[in-house]
$ cat entry_36.json   # JSON, C-alpha atoms
[["chain", "number", "residue", "atom", "x", "y", "z"],
["F", 1, "MET", "CA", 0.00, 0.00, 0.00],
["F", 2, "ASP", "CA", 2.91, 2.36, 0.62],
["F", 3, "GLN", "CA", 3.37, 3.02, -3.08],
["F", 4, "PHE", "CA", -0.20, 4.37, -3.45],
["F", 5, "VAL", "CA", -1.18, 8.00, -2.95],
["F", 6, "MET", "CA", -4.61, 8.73, -1.48],
["F", 7, "ARG", "CA", -5.89, 11.97, -2.95],
["F", 8, "ALA", "CA", -8.97, 13.80, -4.16],
["F", 9, "VAL", "CA", -9.90, 13.58, -7.82],
["F", 10, "ARG", "CA", -9.25, 16.57, -10.04],
["F", 11, "ALA", "CA", -11.97, 18.12, -12.20],
["F", 12, "ASP", "CA", -10.28, 17.09, -15.46],
["F", 13, "GLU", "CA", -10.08, 13.39, -14.53],
["F", 14, "TRP", "CA", -13.61, 12.51, -15.61],
["F", 15, "GLU", "CA", -12.49, 9.72, -17.94],
["F", 16, "LYS", "CA", -10.73, 7.94, -15.05],
["F", 17, "VAL", "CA", -13.78, 8.51, -12.82],
["F", 18, "LYS", "CA", -15.94, 6.89, -15.50],
["F", 19, "GLU", "CA", -13.55, 3.97, -16.10],
["F", 20, "LEU", "CA", -13.28, 3.10, -12.41],
["F", 21, "ARG", "CA", -17.06, 3.29, -11.91],
["F", 22, "ILE", "CA", -17.71, 1.01, -14.91],
["F", 23, "THR", "CA", -15.09, -1.41, -13.55],
["F", 24, "ALA", "CA", -16.77, -1.33, -10.12],
["F", 25, "LEU", "CA", -20.18, -2.02, -11.64],
["F", 26, "ASN", "CA", -18.70, -5.02, -13.51],
["F", 27, "ASP", "CA", -17.57, -6.56, -10.20],
["F", 28, "PRO", "CA", -19.54, -9.67, -9.12],
["F", 29, "ALA", "CA", -20.39, -7.89, -5.82],
["F", 30, "ALA", "CA", -21.88, -4.86, -7.61],
["F", 31, "PRO", "CA", -25.55, -5.88, -7.19],
["F", 32, "VAL", "CA", -25.21, -5.71, -3.39],
["F", 33, "ALA", "CA", -22.62, -2.92, -3.31],
["F", 34, "PHE", "CA", -24.10, -0.21, -5.54],
["F", 35, "LEU", "CA", -27.54, 1.22, -6.23],
["F", 36, "GLU", "CA", -26.58, 2.05, -9.83],
["F", 37, "THR", "CA", -26.42, -0.60, -12.54],
["F", 38, "LEU", "CA", -23.75, -1.12, -15.19],
["F", 39, "GLU", "CA", -26.32, -0.35, -17.89],
["F", 40, "GLN", "CA", -27.24, 2.96, -16.25],
["F", 41, "ALA", "CA", -23.61, 4.01, -15.96],
["F", 42, "ARG", "CA", -22.77, 3.06, -19.55],
["F", 43, "ALA", "CA", -25.76, 5.04, -20.84],
["F", 44, "ARG", "CA", -24.65, 8.28, -19.18],
["F", 45, "PRO", "CA", -23.22, 10.96, -21.51],
["F", 46, "ASP", "CA", -19.70, 12.34, -21.09],
["F", 47, "GLU", "CA", -21.17, 15.54, -19.63],
["F", 48, "PHE", "CA", -22.48, 13.52, -16.67],
["F", 49, "TRP", "CA", -18.98, 12.20, -15.90],
["F", 50, "GLN", "CA", -17.44, 15.64, -16.39],
["F", 51, "ASP", "CA", -19.91, 17.14, -13.90],
["F", 52, "ARG", "CA", -19.35, 14.26, -11.47],
["F", 53, "ALA", "CA", -15.57, 14.73, -11.47],
["F", 54, "LYS", "CA", -15.86, 18.50, -11.19],
["F", 55, "GLY", "CA", -18.36, 18.30, -8.32],
["F", 56, "ALA", "CA", -16.24, 15.77, -6.40],
["F", 57, "SER", "CA", -12.97, 17.66, -6.83],
["F", 58, "HIS", "CA", -13.57, 20.81, -4.79],
["F", 59, "GLY", "CA", -16.05, 22.59, -2.57],
["F", 60, "ARG", "CA", -17.94, 21.35, 0.46],
["F", 61, "HIS", "CA", -20.67, 19.13, -1.00],
["F", 62, "ALA", "CA", -18.71, 16.09, -2.16],
["F", 63, "ARG", "CA", -15.19, 14.75, -2.44],
["F", 64, "GLN", "CA", -14.06, 11.62, -4.24],
["F", 65, "PHE", "CA", -10.81, 10.06, -3.05],
["F", 66, "VAL", "CA", -8.75, 7.66, -5.12],
["F", 67, "ALA", "CA", -5.83, 5.34, -4.44],
["F", 68, "GLU", "CA", -3.35, 6.18, -7.20],
["F", 69, "ALA", "CA", -0.46, 3.88, -8.14],
["F", 70, "PRO", "CA", 2.93, 5.26, -9.24],
["F", 71, "ASP", "CA", 1.98, 4.55, -12.86],
["F", 72, "GLY", "CA", -1.17, 6.71, -12.50],
["F", 73, "GLN", "CA", -3.66, 3.82, -12.41],
["F", 74, "TRP", "CA", -6.44, 4.11, -9.88],
["F", 75, "ALA", "CA", -6.77, 1.05, -7.65],
["F", 76, "GLY", "CA", -9.82, 2.19, -5.71],
["F", 77, "SER", "CA", -12.11, 4.99, -4.71],
["F", 78, "VAL", "CA", -14.56, 6.27, -2.11],
["F", 79, "THR", "CA", -16.78, 9.35, -2.19],
["F", 80, "LEU", "CA", -17.94, 11.39, 0.78],
["F", 81, "LEU", "CA", -21.12, 13.40, 0.31],
["F", 82, "VAL", "CA", -22.05, 16.15, 2.77],
["F", 83, "GLU", "CA", -25.67, 16.06, 3.87],
["F", 84, "GLU", "CA", -26.66, 19.37, 5.43],
["F", 85, "GLY", "CA", -29.04, 19.37, 8.39],
["F", 86, "GLY", "CA", -32.56, 20.24, 7.26],
["F", 87, "SER", "CA", -32.10, 18.81, 3.76],
["F", 88, "ILE", "CA", -33.57, 15.62, 2.27],
["F", 89, "ASP", "CA", -31.43, 12.51, 1.64],
["F", 90, "PHE", "CA", -31.40, 9.99, -1.22],
["F", 91, "PHE", "CA", -34.06, 7.94, 0.54],
["F", 92, "GLU", "CA", -36.31, 11.05, 0.73],
["F", 93, "ARG", "CA", -35.92, 11.37, 4.49],
["F", 94, "ALA", "CA", -35.14, 14.54, 6.44],
["F", 95, "ILE", "CA", -31.51, 14.99, 7.53],
["F", 96, "GLU", "CA", -31.58, 15.99, 11.18],
["F", 97, "GLN", "CA", -27.91, 16.93, 11.59],
["F", 98, "THR", "CA", -25.10, 17.89, 9.26],
["F", 99, "GLN", "CA", -23.29, 14.66, 8.41],
["F", 100, "GLY", "CA", -21.13, 12.89, 5.88],
["F", 101, "HIS", "CA", -22.32, 9.98, 3.78],
["F", 102, "LEU", "CA", -19.75, 7.56, 2.36],
["F", 103, "VAL", "CA", -20.72, 6.04, -1.00],
["F", 104, "GLY", "CA", -19.13, 4.31, -3.96],
["F", 105, "VAL", "CA", -16.61, 2.24, -2.02],
["F", 106, "PHE", "CA", -14.57, 0.15, -4.46],
["F", 107, "VAL", "CA", -11.09, -1.40, -4.58],
["F", 108, "ARG", "CA", -9.96, -3.45, -7.57],
["F", 109, "PRO", "CA", -9.98, -7.19, -6.72],
["F", 110, "GLU", "CA", -6.19, -7.59, -7.04],
["F", 111, "GLN", "CA", -5.69, -4.86, -4.41],
["F", 112, "ARG", "CA", -8.22, -6.05, -1.83],
["F", 113, "GLY", "CA", -6.79, -6.92, 1.56],
["F", 114, "THR", "CA", -3.75, -4.66, 1.07],
["F", 115, "GLY", "CA", -4.90, -1.76, 3.24],
["F", 116, "LEU", "CA", -6.13, 0.44, 0.39],
["F", 117, "THR", "CA", -9.69, 0.58, 1.70],
["F", 118, "GLU", "CA", -8.39, 1.71, 5.10],
["F", 119, "GLY", "CA", -6.27, 4.36, 3.37],
["F", 120, "LEU", "CA", -9.21, 5.62, 1.33],
["F", 121, "PHE", "CA", -11.46, 5.76, 4.40],
["F", 122, "ALA", "CA", -8.77, 7.59, 6.39],
["F", 123, "ALA", "CA", -8.41, 10.21, 3.63],
["F", 124, "ALA", "CA", -12.18, 10.70, 3.35],
["F", 125, "LEU", "CA", -12.64, 10.96, 7.11],
["F", 126, "GLU", "CA", -9.73, 13.36, 7.51],
["F", 127, "TRP", "CA", -11.45, 15.66, 5.01],
["F", 128, "ALA", "CA", -14.86, 15.16, 6.66],
["F", 129, "TRP", "CA", -13.63, 16.09, 10.13],
["F", 130, "SER", "CA", -11.77, 19.14, 8.75],
["F", 131, "LEU", "CA", -14.95, 20.77, 7.45],
["F", 132, "GLU", "CA", -16.28, 23.77, 9.33],
["F", 133, "GLY", "CA", -19.40, 25.89, 9.18],
["F", 134, "PRO", "CA", -21.06, 23.65, 10.31],
["F", 135, "ALA", "CA", -18.85, 20.74, 11.26],
["F", 136, "LEU", "CA", -20.00, 17.22, 10.46],
["F", 137, "GLU", "CA", -21.39, 15.47, 13.53],
["F", 138, "ARG", "CA", -21.04, 11.99, 12.09],
["F", 139, "VAL", "CA", -20.36, 10.02, 8.94],
["F", 140, "ARG", "CA", -22.75, 7.32, 7.84],
["F", 141, "LEU", "CA", -22.98, 4.72, 5.14],
["F", 142, "PHE", "CA", -25.43, 2.06, 4.08],
["F", 143, "VAL", "CA", -24.61, -1.57, 3.42],
["F", 144, "HIS", "CA", -26.81, -4.16, 1.74],
["F", 145, "GLU", "CA", -27.95, -6.85, 4.15],
["F", 146, "GLU", "CA", -26.22, -9.50, 2.00],
["F", 147, "ASN", "CA", -22.87, -7.71, 1.83],
["F", 148, "ALA", "CA", -21.33, -9.31, 4.92],
["F", 149, "ARG", "CA", -17.73, -8.70, 3.80],
["F", 150, "ALA", "CA", -18.28, -4.94, 3.55],
["F", 151, "ALA", "CA", -20.22, -4.83, 6.83],
["F", 152, "ALA", "CA", -17.38, -6.61, 8.62],
["F", 153, "PHE", "CA", -14.87, -4.07, 7.28],
["F", 154, "TYR", "CA", -17.03, -1.14, 8.38],
["F", 155, "ARG", "CA", -17.30, -2.56, 11.90],
["F", 156, "ARG", "CA", -13.51, -3.12, 12.07],
["F", 157, "PHE", "CA", -13.02, 0.48, 10.99],
["F", 158, "GLY", "CA", -15.23, 1.70, 13.87],
["F", 159, "PHE", "CA", -18.64, 2.13, 12.25],
["F", 160, "ARG", "CA", -21.60, 0.85, 14.26],
["F", 161, "ALA", "CA", -25.03, -0.26, 13.08],
["F", 162, "THR", "CA", -27.75, 2.18, 14.11],
["F", 163, "GLY", "CA", -30.64, -0.22, 13.67],
["F", 164, "GLU", "CA", -31.99, 1.92, 10.82],
["F", 165, "VAL", "CA", -33.11, -0.37, 8.00],
["F", 166, "LEU", "CA", -34.33, 0.92, 4.65],
["F", 167, "PRO", "CA", -35.60, -0.87, 1.53],
["F", 168, "VAL", "CA", -33.28, -0.93, -1.47],
["F", 169, "PRO", "CA", -34.91, 1.48, -3.97],
["F", 170, "ALA", "CA", -34.72, -0.94, -6.92],
["F", 171, "ASP", "CA", -35.63, -4.00, -4.82],
["F", 172, "PRO", "CA", -37.98, -3.18, -1.90],
["F", 173, "GLY", "CA", -37.68, -6.77, -0.63],
["F", 174, "ALA", "CA", -33.97, -6.18, 0.09],
["F", 175, "LYS", "CA", -32.67, -4.02, 2.92],
["F", 176, "GLU", "CA", -29.93, -1.44, 3.39],
["F", 177, "LEU", "CA", -28.49, -1.18, 6.91],
["F", 178, "GLU", "CA", -27.21, 2.14, 8.23],
["F", 179, "TYR", "CA", -23.79, 2.31, 9.94],
["F", 180, "VAL", "CA", -22.44, 5.42, 11.66],
["F", 181, "LEU", "CA", -19.11, 6.74, 12.87],
["F", 182, "PRO", "CA", -19.51, 9.69, 15.27],
["F", 183, "ARG", "CA", -17.23, 12.70, 15.16],
["F", 184, "PRO", "CA", -14.09, 11.94, 17.24]]
$ encode --input "entry_36.json" --output "structure tokens"
Amino acid sequence: MDQFVMRAVRADEWEKVKELRITALNDPAAPVAFLETLEQARARPDEFWQDRAKGASHGRHARQFVAEAPDGQWAGSVTLLVEEGGSIDFFERAIEQTQGHLVGVFVRPEQRGTGLTEGLFAAALEWAWSLEGPALERVRLFVHEENARAAAFYRRFGFRATGEVLPVPADPGAKELEYVLPRP
């Protein structure tokens, strides 16, 4: 892991953002790891990916972090969205307190178990806790009930299940479980 740099994406890196997302959605775990499908991602125009990279490269609302190898290849990524208190979340519920929301966690299969996910989470959380006006009170994420490997990692990293259970938007019979890490 030492050879990888954890950093935020730059606005002009939309093609790499797109490539890594398509790769993630091709992963066998994608159906329980992501709410977006491969077909949806492939159908998006370049402008979508350009806006995504730009929006996740600066400002307060979102930041995408990547694990970059010395040769420039991206081995993984995580995005932290800022949910402001009083706004509405993806599940159409009111946000009670300003918080972070980790999404899009992916590490290429050949790099799993090397510490890259920990490095990506550390970078995202360092940024989250540095935000002011208002500060984030917690960071949350959702994990599919059948994604035991991811849930185990989140618990090892310090996230705790809140007991909040929501239906998966595309499959109401499946459940997403909320995990939270309070501000240190």
$ residues_around --input "entry_36.json" --residues "F:Leu166" --least-positions-apart "3" --cutoff "10 Å" --atoms "only C-alpha atoms" --output "list in words"
Phe91, Phe142, His144, Gly163, Pro169, Pro172, Gly173, Ala174, Lys175, Glu176, Leu177 and Glu178 of chain F
$ write_last_selection --input "entry_36.json" --atoms "C-alpha atoms" --output "short mmCIF file (atom, residue, chain, number, x, y, z; two decimals), in the coordinates of the input"
data_model
loop_
_atom_site.label_atom_id
_atom_site.label_comp_id
_atom_site.auth_asym_id
_atom_site.auth_seq_id
_atom_site.Cartn_x
_atom_site.Cartn_y
_atom_site.Cartn_z
CA PHE F 91 -34.06 7.94 0.54
CA PHE F 142 -25.43 2.06 4.08
CA HIS F 144 -26.81 -4.16 1.74
CA GLY F 163 -30.64 -0.22 13.67
CA PRO F 169 -34.91 1.48 -3.97
CA PRO F 172 -37.98 -3.18 -1.90
CA GLY F 173 -37.68 -6.77 -0.63
CA ALA F 174 -33.97 -6.18 0.09
CA LYS F 175 -32.67 -4.02 2.92
CA GLU F 176 -29.93 -1.44 3.39
CA LEU F 177 -28.49 -1.18 6.91
CA GLU F 178 -27.21 2.14 8.23
#
$ residues_around --input "entry_36.json" --residues "F:Glu83" --least-positions-apart "6" --cutoff "6 Å" --atoms "all atoms listed in the file" --output "list in words"
Thr98, Gln99 and Gly100 of chain F
$ closest_residue --input "entry_36.json" --among "F:Ser87, F:Thr162, F:Gln64, F:Gln3" --to "F:Arg140" --atoms "only C-alpha atoms"
F:Thr162
$ atom_distance --input "entry_36.json" --atom1 "atom CA of F:Asp89" --atom2 "atom CA of F:Pro28"
27.4 Å
$ atom_distance --input "entry_36.json" --atom1 "atom CA of F:Val9" --atom2 "atom CA of F:Gly72"
12.1 Å
